[in-house]
Structure formats: structure tokens, C-alpha cells
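Heads up: the structure comes next, in C-alpha cells.
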Amino acid sequence: MIIASLALTWVMALVVGLVLRVARLAAARRRRLQWLAATTVVAGAAQAVLLALHLLLGFPASPLPWVPATLVLPAAGLVLGRLPATARLAGRVLVESLVVAGLTVLVVTVYLTVVVGLGRSPVGAERDVLLAGILSSITAVALALPMRFRLVALGHSLLQRHGPDPAELLASFGARMSRAVPFDELLLQLVESLRATLGPAGAEVWVGADGRLSLAASVPERQAAELVLDAKERVVVGRTRTGGNTWLSVWLPALLDGPAPVRAAPAAHLGELLGLLVVRRAPGEGDFTDDDDRILVELARQVALALHNMRLDTALQASLAELRRRNEELQASRLRIVTAADASRRAIERDLHDGAQQHLAALSVKLGLAAELLRQEPATLPALLEELRDDVRQANAAVRELAHGIYPPLLRHHGLGQALRSVARRVALPYSVEVSTAERYPEQVEAAVYFCCLEAVQNAGKHAGEGASVRVRVWADPAALRFTVSDDGRGFEPGSGGDGHGFVNMADRLGAIGGALQVESSPGAGTVVRGEIPLTRLAGWPSGS
């Protein structure tokens, strides 16, 4: 039972460790998990000690009652991780618990190996000696790290240093940057290290762009704040190596808090200000040295690089998201284009069947009747021939109308101006056209502009209402070929269903050749359809003729 509990505890610690290493978590949640991992590891080590004592000394006689006591530790870790006073210690506690638990397991493993090597269990006084040896070894392990920190602090005090060696901060920060540590956690660790090494009275990290810097992390914790710099201040601050109280009083007075020594180092990349590192000392703690400035500048350089890389990563993710969105739009537009093409073919088939085909069938019947009348009643033949002539005209008109709907001959031979003016006979509303360019464009471009204008005009005829008028305007500037179709009708509310499939078809048609469509409308204010095709997209295309 205890072996199963030990295995379960270490598996849980491993799972929590993997979550901490792989997942991107908020800082508060990460601290709670760090406390849980630390206490779980300690619980596993305690269970290992219980198992070793039971195997070596037969004490406790039954370790099962002790197992629930060790499982209280992870629950206590969750509580400690939520307390503000202990949450910030999570990282250090996790490291120390891993070291102590690992060395403890090593100690009991060594003792187990020695006893197994002897080939017998200890008896009599040997048991007392063995127990004393195990307890003394575990005590030494538990006190090793705290004792090391005390001795290091004593050594620094003899050298008149306060806290850890600032040079170690550079190395440790660079190592943390190379790991998959969340950026907010990295900044929090940085300000804690800065306070321990350079700024006992406090440390801050400000980040931002375009002259707006926000307080990202601070120890002791301060309220959210923001610095706004104009163009000149951004240049001066970004080019400064470090700034003290006098410099800050001129360029960043908001960072000063009385006469206490303050140092600020800008985190700039390629001349762009991305952040600030600020460290503070209490009055009487001494001013900052050249070595302190050197370390602060180097840290600021590394922070700037991390901020720059993070911005690149964010921009890359945004670009990938935009590419995915465009790919989805492209697939949807292709499906709509294929569907529209199928619908157009069905419409052509229907028009042929209901129009020209019916006329031709009637002609066939009447020609048969004319042949019969020629033999039996020749006098009635002239009237029938006149009917046949009218039927031929109607069939010809139907075929011409159908051909015009597929691709108007006027557009192919004479361009957009005449083709759009010819639409007037099919529009029920007052209709005007202004085409201020006589230049010919590729057939695909002219067709896209013509059919978009035609569909917008037809939409106006259906929905603008009585008394409305339609105006079409086509022109070119150095950047694009543009058109507008406007009416002064009833309009509609965009997104309410009034902007149906017609506008989607127009947008797809223009999008296929690099153009764009914009629709403006509101109830009672009419509708304006704007389209444009960048001329840079037309380079190398054959012009229409």
C-alpha cells in the first residue's frame, strides 16, 4: 500500500512539473502549482523515508497510518499558494524542496543499499546507530541550503556587499530567457532579483511601445501606472545608457520618489524604446557604482531583446491567424464562385429553353404549316410569312439578349462607357452614367466592373423604391480603377439582411482579381456601392480591345 501511495505521489509531482514546464499559465496560477509541486515532492520524500525506516528498522510497525499525514502536505501547498504573503516564495520553495527531497531519497537509498550489501537486518545497538545515522543525514540535507545562503551572506557582508552577487543575476536571467518561462513570470523573477542585488528599496520593469510604457512588474508591488513620452523624450530616453536622479528629474520625473538614489536603464532595440528597468535604494545605502550601471545596462539590453522577440512572435501569430482567416475566406469564396457559375449555367439553360428554343420550335411548326398552305391555300401564305418574319425577329432578340447577359458585345468592342450606358433601357429608375476614363483594361477587369455595376443597379431597381434615381460613376486614379453606384432610395441597415447575396457575389468577383468592395447605407439615406481594383495588380495583363 505504501509503495503504491509513493508511486502515486511521485507521478502527481511529475504531472504538475510537466504542466509547469509546458503550459502557458498566468502568474498566479503558476505560483499555486509551484507550491503544489513543492509540497508533493516533500510528501513523496517523507513517504520514502517511512518506507526505508520500516524496511531497515521495522519502525513504524505499520506505515499505513502515517501515509495520510504526508498527503496533507499537498493540500497545505494549495493553501500557501493562495496566500499573498507566501505566493512570491513559490519558485524558491520549489527549488529548495526538489534539492532537499532528492538528497533525502538519495540518503535512504544509500542506507538501504548498504544494509542489503551486509546481507542481514541490523539488530540491537546497530539499529540505534543506523537510525541516528539516517536522521543525522536527513537533518544535514535539510539544513544544507539554508546554511549555504547564510554563509554566502556572511561572505558578502565581509566584502561589504549586500545580497547576492549582481553578476550572478546576468547569468541567471540569461538562462531563464532560454527556457519556456512565461514572460510575466520572467519579469517578476527579474524584479525580485533586482531588488535582492541592486535595489533593496524596490525594483520595477516598465514595458510598452510608441511612447506609452506601463508598469509590468514591481517589488514591492505598486498600483498600475503609465508613462507617456512625446517624440523627443522617446529619442532621448531610448539613447540614454542609464539615468540617475538628476537625469530623471528632467526626462522622467514621475519615477522619482524623494531624494533616495534611483537608477533607470532604458530597454531599447534598434533605437526603439520598449521598456525601462528601475532600481531604488533607501537614503544612506550608498549610490550606484559603475559595476551596478554595467549590469543594469546589460540586463536592459537582454530585456529589450526579449520584448522584441515577443513582439515578433505576436506579429507572427497574428499573421498566421490572418492567413488562416484569408484561407477560409478564399475557400468560401471559391465555393460561392463555383455555385454562382453553376447557377448561371442553369439560368442560361432555362433562358434558352423558355426563350430562343420556344421561338425556334414555333418557327418549325409554322414552316411546316407554310409548306402545307403552299399546296392547299396559296392565298393565305403571305400573312403566314409575315408572322414567320416577326417570329424570327423575336428569336433573334432573345438570343441577342441572352448573349448580352453572358458577355455584352459593346463591352468587348467599345469599353465600359458604352456598355454601361446601354443598361439604361433595362432600368426602370432614372439612370445616369459618368465614365471619365477612355483607357481599356484587361477583359477580366472590365467584366468585373461592368457586372458589379449591373448587379448594383438591378438591386437599386428592386429595393430603392419609387421616385429613386441611380447614378453610376467610373474613374481611374494613379492607384486604382474605381466605381460607385449610388441611389437616393430607402436604404437599409447593414447586417439586417438587406445586404444579401448580391453584394457577396460582387465582393467575390472583385476579390478574385485583387479588388475590394464597400457598401454604405442607412435607412432613408440611400445606398452607395464602392469598388476598386488596384492598378498594380494589372501589370502584365493583356488589355481589352
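Residue numbers start at 1 in each chain; chains themselves are named A, B, ... in the order of the C-alpha cells; ligands are numbered from 1 in the order shown.
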For region 531-537 of chain A, list every protein, DNA or RNA residue within 10 Å, evaluated using only C-alpha atoms, and leave out those in the same chain fewer than 2 positions away; present the list as a PyMOL selection string.
-> chain A and resi 441+445+448-449+452-453+474-485+506-507+510-511+513-519+528-529+539-541
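Residue neighbourhood of Ser486 (chain A), excluding near-sequence residues (fewer than 3 positions): Cys453, Ala456, Val457, Ala460, Ser469, Val470, Arg471, Val472, Arg473, Phe483, Gly489, Val519, Glu520, Ser521, Gly526, Thr527, Val528, Val529 and Arg530 of chain A, at 10 Å, using only C-alpha atoms.
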Writing out the chosen residues with C-alpha atoms as an mmCIF file, in the first residue's frame:
```
data_model
loop_
_atom_site.group_PDB
_atom_site.id
_atom_site.type_symbol
_atom_site.label_atom_id
_atom_site.label_comp_id
_atom_site.auth_asym_id
_atom_site.auth_seq_id
_atom_site.Cartn_x
_atom_site.Cartn_y
_atom_site.Cartn_z
ATOM 1 C CA CYS A 453 -22.289 47.907 -61.576
ATOM 2 C CA ALA A 456 -25.831 47.096 -58.019
ATOM 3 C CA VAL A 457 -28.164 48.872 -60.485
ATOM 4 C CA ALA A 460 -31.415 49.517 -56.678
ATOM 5 C CA SER A 469 -32.676 57.538 -59.110
ATOM 6 C CA VAL A 470 -29.450 55.662 -59.793
ATOM 7 C CA ARG A 471 -26.076 57.136 -60.703
ATOM 8 C CA VAL A 472 -23.051 55.155 -61.915
ATOM 9 C CA ARG A 473 -19.595 56.680 -61.924
ATOM 10 C CA PHE A 483 -16.501 52.869 -59.452
ATOM 11 C CA GLY A 489 -33.778 55.381 -52.255
ATOM 12 C CA VAL A 519 -21.239 49.188 -49.176
ATOM 13 C CA GLU A 520 -22.592 52.222 -47.313
ATOM 14 C CA SER A 521 -26.264 52.543 -46.462
ATOM 15 C CA GLY A 526 -29.932 55.628 -49.906
ATOM 16 C CA THR A 527 -27.131 53.238 -50.745
ATOM 17 C CA VAL A 528 -23.632 53.693 -52.144
ATOM 18 C CA VAL A 529 -21.668 50.740 -53.527
ATOM 19 C CA ARG A 530 -17.938 51.464 -53.932
#
```
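Counting only C-alpha atoms and comparing A:Pro382, A:Ile295, A:Ala216, A:Leu388, the residue that lies closest to Ser364 (chain A) is A:Leu388.
Between CA of Val95 (chain A) and CA of Val67 (chain A) the interatomic distance comes to 23.9 Å.
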Contacts of Leu429 (chain A) at 8 Å or less, counting only C-alpha atoms, minus same-chain residues fewer than 2 places along, as a PyMOL selection string?
-> chain A and resi 427+431+461+466-470
Helix (DSSP H, G or I) per DSSP on the backbone: members of region 172-278 of chain A, as JSON, numbers by chain | {"A": [172, 173, 174, 175, 176, 177, 183, 184, 185, 186, 187, 188, 189, 190, 191, 192, 193, 194, 195, 196, 197, 231, 232, 233, 234, 235, 236, 237, 238, 239, 245, 246, 247, 248, 249, 250, 251, 253, 254, 255]}
Ala264 (chain A) environment, 12 Å, only C-alpha atoms, sequence neighbours closer than 2 positions dropped, as a ChimeraX atom specification | /A:194,198-199,203-206,237-238,240-249,251-256,261-262,266-267,275-280,288,292-297,299-300
Do a neighbour search on Asp210 (chain A) at 12 Å with only C-alpha atoms, toss out local chain neighbours closer than 6 positions, and write the hits as a ChimeraX atom specification.
-> /A:227-235,238,268,271-275
Could you turn the residues from that selection into a file that holds C-alpha atoms, as a PDB file, in the first residue's frame?
```
ATOM      1  CA  LEU A 227       4.263  56.825 -18.568  1.00  0.00           C
ATOM      2  CA  VAL A 228       3.532  58.820 -21.737  1.00  0.00           C
ATOM      3  CA  LEU A 229       6.541  60.208 -23.652  1.00  0.00           C
ATOM      4  CA  ASP A 230       6.487  62.559 -26.616  1.00  0.00           C
ATOM      5  CA  ALA A 231       8.644  62.014 -29.706  1.00  0.00           C
ATOM      6  CA  LYS A 232      11.652  63.937 -28.346  1.00  0.00           C
ATOM      7  CA  GLU A 233      11.527  62.211 -24.953  1.00  0.00           C
ATOM      8  CA  ARG A 234      11.369  58.787 -26.645  1.00  0.00           C
ATOM      9  CA  VAL A 235      14.513  59.548 -28.626  1.00  0.00           C
ATOM     10  CA  GLY A 238      15.967  55.411 -25.816  1.00  0.00           C
ATOM     11  CA  ALA A 268      15.733  49.812 -26.395  1.00  0.00           C
ATOM     12  CA  GLY A 271      16.643  52.802 -31.306  1.00  0.00           C
ATOM     13  CA  GLU A 272      13.048  51.962 -30.350  1.00  0.00           C
ATOM     14  CA  LEU A 273      12.170  52.307 -26.669  1.00  0.00           C
ATOM     15  CA  LEU A 274      10.452  49.126 -25.490  1.00  0.00           C
ATOM     16  CA  GLY A 275      10.766  49.388 -21.708  1.00  0.00           C
TER      17      GLY A 275
END
```
Straight-line distance linking CA of Leu94 (chain A) with CA of Asp313 (chain A), stated in Å to one decimal = 29.5 Å
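Going from CA of Leu213 (chain A) to CA of Arg195 (chain A) covers 20.6 Å.
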Close residues, Ile138 (chain A) itself excluded, 12 Å, only C-alpha atoms, min 5 positions apart in chain, as a short mmCIF file (atom, residue, chain, number, x, y, z; two decimals) with C-alpha atoms, in the first residue's frame:
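Writing the result to result.cif gives the following:
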```cif
data_model
loop_
_atom_site.label_atom_id
_atom_site.label_comp_id
_atom_site.auth_asym_id
_atom_site.auth_seq_id
_atom_site.Cartn_x
_atom_site.Cartn_y
_atom_site.Cartn_z
CA ALA A 45 10.30 12.11 0.14
CA ALA A 46 8.59 11.67 3.52
CA ALA A 48 10.27 7.21 1.03
CA VAL A 49 11.78 7.80 4.48
CA VAL A 99 17.01 19.62 -3.71
CA VAL A 100 16.11 18.52 -0.18
CA ALA A 101 13.71 15.77 -1.34
CA GLY A 102 16.17 14.47 -3.90
CA LEU A 103 19.06 14.33 -1.41
CA THR A 104 16.80 12.72 1.20
CA VAL A 105 15.80 9.95 -1.21
CA LEU A 106 19.50 9.56 -2.06
CA VAL A 107 20.37 9.15 1.63
CA VAL A 108 17.75 6.45 2.33
CA THR A 109 18.69 4.69 -0.91
CA VAL A 110 22.34 4.60 0.15
CA TYR A 111 21.42 3.19 3.60
CA LEU A 131 18.56 5.27 12.98
CA ALA A 132 20.82 8.02 14.33
CA GLY A 133 22.81 7.96 11.09
CA LEU A 143 19.95 22.39 6.62
CA ALA A 144 22.41 22.42 3.72
#
```
Neighbours of region 72-82 of chain A within 9 Å (only C-alpha atoms; same-chain residues fewer than 5 positions away dropped), as a ChimeraX atom specification?
-> /A:28-29,31-43,87-90
Please return as a PyMOL selection string: the residues of region 424-502 of chain A that backbone DSSP assigns to strand (DSSP E).
-> chain A and resi 431-435+470-476+480-487
